[in-house]
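Student: Please find one structure pasted underneath; my questions will follow.
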Amino acid sequence: LGAGCFVALSVDIATASRLVRSLAQYSFVLKDGSERYRLGPAIAVLERTGNATQGIAAVVQPTLDRLAADTGETASFFVRQGDLRLCIAVAFGNQAVSHLLKVGDTLLTERGASGRVIREFAAGRPFGDADLVQTSMGERDPELAAVACPVFDSRNKLLGALSLSGTCTRFSSPEHLLRLQRAVAAAATEIERLFVKPS
């Protein structure tokens, strides 16, 4: 983005710089090696509709809010962004120690429960009774654990990965882990119903 953009928009340099810094903070723009800005990965939050309030993030957010409140853990939704996974929505539980994420965060897909979901279900919903829920304990960070489940659209294409994450200490409890696995699977089904097109 050059100065010409700011002139065309009738925005002074100081205001434009402040706006660009805000966009960069949330990964909507990134600075490249030439000190120029380009669109960042969080722009995917706006994709599919062009209106964030009608996009995937807006649809899944109420379910994430309830899931975080019910389980106490961090609930998040990731979509594929090239070779990465991009967080487009997040809600926090009530645990004193929790997994901190923000919209626009990008993570590798090689490790972690939601990364595995993005990789393994990229081709869409599998046939048969495949176990959809993925669990990771200390894969990406020694203290971090997560469960994740794919969410598919009405054509059985992968929309993204719904995840609950927290500490390995809490997730090491078999009862708590089973509760989280069931909760994330039920929530994924709930979200899928929201994307079914009326006949």
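Residues are named by chain letter and number: chains run A, B, ... in the order of the structure tokens, numbers start at 1 in each chain, and ligands are numbered from 1 in the order shown.
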Using only C-alpha atoms, which residues sit within 10 Å of Asp83 of chain A once same-chain residues fewer than 3 positions away are excluded, as a list in words?
Tutor: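 Once the adjacent positions are removed, what remains is Arg80, Leu86, Thr106, Leu107, Leu108, Thr109, Glu110, Ile118 and Arg119 of chain A.
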Student: Generate the output file for the selected residues, N, CA, C and O atoms, as a PDB file, in the first residue's frame.
Tutor:
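Final output, saved to selection_16.pdb:
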ATOM      1  N   ARG A  80      -8.601 -23.540   6.626  1.00  0.00           N
ATOM      2  CA  ARG A  80      -7.324 -23.708   5.929  1.00  0.00           C
ATOM      3  C   ARG A  80      -6.943 -22.401   5.245  1.00  0.00           C
ATOM      4  O   ARG A  80      -7.769 -21.726   4.640  1.00  0.00           O
ATOM      5  N   LEU A  86      -5.934 -20.961   9.989  1.00  0.00           N
ATOM      6  CA  LEU A  86      -6.217 -19.599  10.414  1.00  0.00           C
ATOM      7  C   LEU A  86      -7.380 -19.590  11.394  1.00  0.00           C
ATOM      8  O   LEU A  86      -8.441 -20.152  11.110  1.00  0.00           O
ATOM      9  N   THR A 106      -2.329 -17.568  12.944  1.00  0.00           N
ATOM     10  CA  THR A 106      -2.092 -18.677  12.024  1.00  0.00           C
ATOM     11  C   THR A 106      -1.136 -19.666  12.670  1.00  0.00           C
ATOM     12  O   THR A 106      -0.166 -19.280  13.318  1.00  0.00           O
ATOM     13  N   LEU A 107      -1.425 -20.946  12.497  1.00  0.00           N
ATOM     14  CA  LEU A 107      -0.614 -22.019  13.059  1.00  0.00           C
ATOM     15  C   LEU A 107      -0.350 -23.052  11.979  1.00  0.00           C
ATOM     16  O   LEU A 107      -1.094 -23.153  10.992  1.00  0.00           O
ATOM     17  N   LEU A 108       0.699 -23.840  12.181  1.00  0.00           N
ATOM     18  CA  LEU A 108       1.011 -24.918  11.246  1.00  0.00           C
ATOM     19  C   LEU A 108      -0.046 -26.010  11.337  1.00  0.00           C
ATOM     20  O   LEU A 108      -0.724 -26.153  12.357  1.00  0.00           O
ATOM     21  N   THR A 109      -0.179 -26.786  10.283  1.00  0.00           N
ATOM     22  CA  THR A 109      -1.125 -27.904  10.304  1.00  0.00           C
ATOM     23  C   THR A 109      -0.444 -29.232  10.638  1.00  0.00           C
ATOM     24  O   THR A 109      -1.119 -30.242  10.778  1.00  0.00           O
ATOM     25  N   GLU A 110       0.876 -29.217  10.781  1.00  0.00           N
ATOM     26  CA  GLU A 110       1.607 -30.466  11.033  1.00  0.00           C
ATOM     27  C   GLU A 110       1.375 -31.013  12.442  1.00  0.00           C
ATOM     28  O   GLU A 110       1.518 -32.208  12.669  1.00  0.00           O
ATOM     29  N   ILE A 118      -7.601 -30.360   9.726  1.00  0.00           N
ATOM     30  CA  ILE A 118      -7.448 -29.642   8.453  1.00  0.00           C
ATOM     31  C   ILE A 118      -6.750 -30.520   7.416  1.00  0.00           C
ATOM     32  O   ILE A 118      -7.113 -30.525   6.237  1.00  0.00           O
ATOM     33  N   ARG A 119      -5.738 -31.299   7.859  1.00  0.00           N
ATOM     34  CA  ARG A 119      -5.007 -32.169   6.934  1.00  0.00           C
ATOM     35  C   ARG A 119      -5.824 -33.391   6.526  1.00  0.00           C
ATOM     36  O   ARG A 119      -5.971 -33.691   5.353  1.00  0.00           O
TER      37      ARG A 119
END
Student: Going by DSSP on the backbone, which bits of segment 22-152 of chain A are helix (DSSP H, G or I)? Write them as a PyMOL selection string, please.
Tutor: chain A and resi 22-25+41-46+52-54+56-71+113-120
Student: Can those selected residues be exported to a file as a short mmCIF file (atom, residue, chain, number, x, y, z; two decimals), in the first residue's frame so that it contains C-alpha atoms?
Tutor:
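Produced file part.cif, reproduced below:
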data_model
loop_
_atom_site.label_atom_id
_atom_site.label_comp_id
_atom_site.auth_asym_id
_atom_site.auth_seq_id
_atom_site.Cartn_x
_atom_site.Cartn_y
_atom_site.Cartn_z
CA SER A 22 -4.44 -1.63 13.55
CA LEU A 23 -4.99 -3.86 10.53
CA ALA A 24 -1.53 -5.37 10.99
CA GLN A 25 -2.18 -6.07 14.67
CA PRO A 41 -4.29 -14.20 6.35
CA ALA A 42 -7.10 -12.81 8.50
CA ILE A 43 -8.75 -11.51 5.33
CA ALA A 44 -10.18 -15.03 5.08
CA VAL A 45 -12.58 -14.00 7.84
CA LEU A 46 -14.32 -11.95 5.16
CA ALA A 52 -18.00 -10.38 8.09
CA THR A 53 -21.32 -10.27 9.92
CA GLN A 54 -22.73 -12.83 7.49
CA ILE A 56 -18.57 -18.23 8.76
CA ALA A 57 -17.19 -16.50 11.86
CA ALA A 58 -20.52 -14.87 12.63
CA VAL A 59 -22.35 -18.17 12.20
CA VAL A 60 -20.07 -20.20 14.47
CA GLN A 61 -19.48 -17.56 17.18
CA PRO A 62 -22.65 -18.24 19.25
CA THR A 63 -21.81 -21.95 19.37
CA LEU A 64 -18.23 -21.16 20.41
CA ASP A 65 -19.48 -18.84 23.16
CA ARG A 66 -21.75 -21.54 24.56
CA LEU A 67 -19.10 -24.26 24.19
CA ALA A 68 -16.52 -22.19 26.09
CA ALA A 69 -19.03 -21.36 28.82
CA ASP A 70 -20.13 -25.00 29.19
CA THR A 71 -16.65 -26.55 29.25
CA ALA A 113 -5.69 -31.57 16.89
CA SER A 114 -7.19 -28.91 14.63
CA GLY A 115 -4.14 -29.07 12.36
CA ARG A 116 -4.73 -32.80 11.96
CA VAL A 117 -8.39 -32.15 11.15
CA ILE A 118 -7.45 -29.64 8.45
CA ARG A 119 -5.01 -32.17 6.93
CA GLU A 120 -6.92 -35.41 7.26
#
Student: Point out the residue among A:Glu139, A:Asp12, A:Glu73, A:Asp32 with the least atom-to-atom distance to Val97 of chain A, counting only C-alpha atoms.
Tutor: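 Counting only C-alpha atoms, the residue closest to Val97 of chain A is A:Glu73.
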Student: Quick one: pick out all strand (DSSP E) residues within segment 48-151 of chain A from a backbone DSSP run and write them as a ChimeraX atom specification.
Tutor: /A:74-81,84-91,106-108,134-137,144-151
Student: If you keep N, CA, C and O atoms, can you produce a file of those selected residues as a short mmCIF file (atom, residue, chain, number, x, y, z; two decimals), in the first residue's frame?
Tutor:
data_model
loop_
_atom_site.label_atom_id
_atom_site.label_comp_id
_atom_site.auth_asym_id
_atom_site.auth_seq_id
_atom_site.Cartn_x
_atom_site.Cartn_y
_atom_site.Cartn_z
N THR A 74 -10.97 -23.00 26.04
CA THR A 74 -10.96 -22.10 24.89
C THR A 74 -11.56 -22.81 23.68
O THR A 74 -11.08 -23.87 23.28
N ALA A 75 -12.59 -22.22 23.11
CA ALA A 75 -13.21 -22.76 21.90
C ALA A 75 -12.78 -21.92 20.71
O ALA A 75 -12.75 -20.69 20.80
N SER A 76 -12.44 -22.57 19.60
CA SER A 76 -11.97 -21.82 18.43
C SER A 76 -12.39 -22.52 17.16
O SER A 76 -12.75 -23.70 17.16
N PHE A 77 -12.33 -21.76 16.06
CA PHE A 77 -12.66 -22.32 14.75
C PHE A 77 -11.57 -21.93 13.78
O PHE A 77 -11.23 -20.74 13.65
N PHE A 78 -11.00 -22.93 13.10
CA PHE A 78 -9.90 -22.73 12.16
C PHE A 78 -10.34 -23.10 10.75
O PHE A 78 -11.09 -24.07 10.56
N VAL A 79 -9.85 -22.35 9.78
CA VAL A 79 -10.02 -22.70 8.37
C VAL A 79 -8.64 -22.84 7.75
O VAL A 79 -7.65 -22.32 8.28
N ARG A 80 -8.60 -23.54 6.63
CA ARG A 80 -7.32 -23.71 5.93
C ARG A 80 -6.94 -22.40 5.25
O ARG A 80 -7.77 -21.73 4.64
N GLN A 81 -5.67 -22.04 5.36
CA GLN A 81 -5.14 -20.85 4.69
C GLN A 81 -3.80 -21.27 4.09
O GLN A 81 -2.77 -21.17 4.75
N LEU A 84 -1.28 -23.31 6.14
CA LEU A 84 -1.51 -22.98 7.54
C LEU A 84 -2.98 -23.16 7.90
O LEU A 84 -3.83 -23.40 7.06
N ARG A 85 -3.27 -23.03 9.19
CA ARG A 85 -4.65 -22.95 9.65
C ARG A 85 -4.83 -21.58 10.29
O ARG A 85 -3.97 -21.10 11.03
N LEU A 86 -5.93 -20.96 9.99
CA LEU A 86 -6.22 -19.60 10.41
C LEU A 86 -7.38 -19.59 11.39
O LEU A 86 -8.44 -20.15 11.11
N CYS A 87 -7.19 -18.96 12.54
CA CYS A 87 -8.27 -18.82 13.53
C CYS A 87 -9.19 -17.68 13.09
O CYS A 87 -8.75 -16.54 12.96
N ILE A 88 -10.47 -18.00 12.85
CA ILE A 88 -11.41 -16.97 12.42
C ILE A 88 -12.43 -16.61 13.49
O ILE A 88 -13.16 -15.63 13.35
N ALA A 89 -12.48 -17.41 14.57
CA ALA A 89 -13.40 -17.12 15.67
C ALA A 89 -12.89 -17.80 16.93
O ALA A 89 -12.32 -18.89 16.86
N VAL A 90 -13.12 -17.16 18.08
CA VAL A 90 -12.62 -17.72 19.34
C VAL A 90 -13.49 -17.26 20.49
O VAL A 90 -14.10 -16.18 20.43
N ALA A 91 -13.58 -18.09 21.52
CA ALA A 91 -14.29 -17.74 22.75
C ALA A 91 -13.53 -18.36 23.91
O ALA A 91 -12.99 -19.47 23.79
N THR A 106 -2.33 -17.57 12.94
CA THR A 106 -2.09 -18.68 12.02
C THR A 106 -1.14 -19.67 12.67
O THR A 106 -0.17 -19.28 13.32
N LEU A 107 -1.43 -20.95 12.50
CA LEU A 107 -0.61 -22.02 13.06
C LEU A 107 -0.35 -23.05 11.98
O LEU A 107 -1.09 -23.15 10.99
N LEU A 108 0.70 -23.84 12.18
CA LEU A 108 1.01 -24.92 11.25
C LEU A 108 -0.05 -26.01 11.34
O LEU A 108 -0.72 -26.15 12.36
N GLN A 134 -10.39 -35.55 16.88
CA GLN A 134 -8.93 -35.69 17.02
C GLN A 134 -8.49 -35.11 18.36
O GLN A 134 -9.05 -34.12 18.82
N THR A 135 -7.49 -35.73 18.96
CA THR A 135 -6.98 -35.29 20.26
C THR A 135 -5.47 -35.12 20.19
O THR A 135 -4.78 -35.94 19.58
N SER A 136 -4.99 -34.05 20.79
CA SER A 136 -3.53 -33.85 20.86
C SER A 136 -3.15 -33.47 22.28
O SER A 136 -3.84 -32.69 22.94
N MET A 137 -2.04 -34.04 22.75
CA MET A 137 -1.53 -33.76 24.09
C MET A 137 -0.07 -33.36 23.97
O MET A 137 0.79 -34.18 23.70
N LEU A 144 0.16 -27.72 26.28
CA LEU A 144 -1.11 -27.47 25.61
C LEU A 144 -1.72 -28.74 25.07
O LEU A 144 -1.04 -29.57 24.47
N ALA A 145 -3.03 -28.88 25.28
CA ALA A 145 -3.77 -30.03 24.75
C ALA A 145 -5.02 -29.52 24.04
O ALA A 145 -5.47 -28.40 24.28
N ALA A 146 -5.55 -30.34 23.15
CA ALA A 146 -6.74 -29.92 22.41
C ALA A 146 -7.50 -31.12 21.89
O ALA A 146 -6.94 -32.20 21.68
N VAL A 147 -8.80 -30.91 21.68
CA VAL A 147 -9.62 -31.84 20.92
C VAL A 147 -10.25 -31.03 19.79
O VAL A 147 -10.54 -29.84 19.96
N ALA A 148 -10.43 -31.65 18.64
CA ALA A 148 -10.98 -30.93 17.50
C ALA A 148 -11.82 -31.87 16.65
O ALA A 148 -11.61 -33.08 16.64
N CYS A 149 -12.76 -31.27 15.93
CA CYS A 149 -13.66 -32.05 15.08
C CYS A 149 -13.89 -31.28 13.78
O CYS A 149 -14.02 -30.05 13.81
N PRO A 150 -13.93 -31.97 12.66
CA PRO A 150 -14.21 -31.26 11.40
C PRO A 150 -15.66 -30.82 11.34
O PRO A 150 -16.54 -31.44 11.92
N VAL A 151 -15.88 -29.74 10.61
CA VAL A 151 -17.24 -29.26 10.32
C VAL A 151 -17.37 -29.23 8.81
O VAL A 151 -16.55 -28.62 8.12
#
Student: If you measure from atom CA of Leu101 of chain A to atom CA of Phe121 of chain A, what distance in Å do you get, rounded to one decimal?
Tutor: 22.9 Å
Student: Point out the residue among A:Leu177, A:Ala122, A:Leu100, A:Asn94 with the least atom-to-atom distance to Gly82 of chain A, counting only C-alpha atoms.
Tutor: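 Ranked by minimum distance to Gly82 of chain A, first place goes to A:Ala122.
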Student: Have a look at atom CA of Phe92 of chain A and atom CA of Lys157 of chain A and let me know their distance in Å, one decimal.
Tutor: 27.4 Å
Student: Find the distance between atom CA of Val184 of chain A and atom CA of Asn156 of chain A and write it in Å to one decimal.
Tutor: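 Straight-line distance from atom CA of Val184 of chain A to atom CA of Asn156 of chain A works out to 18.2 Å.
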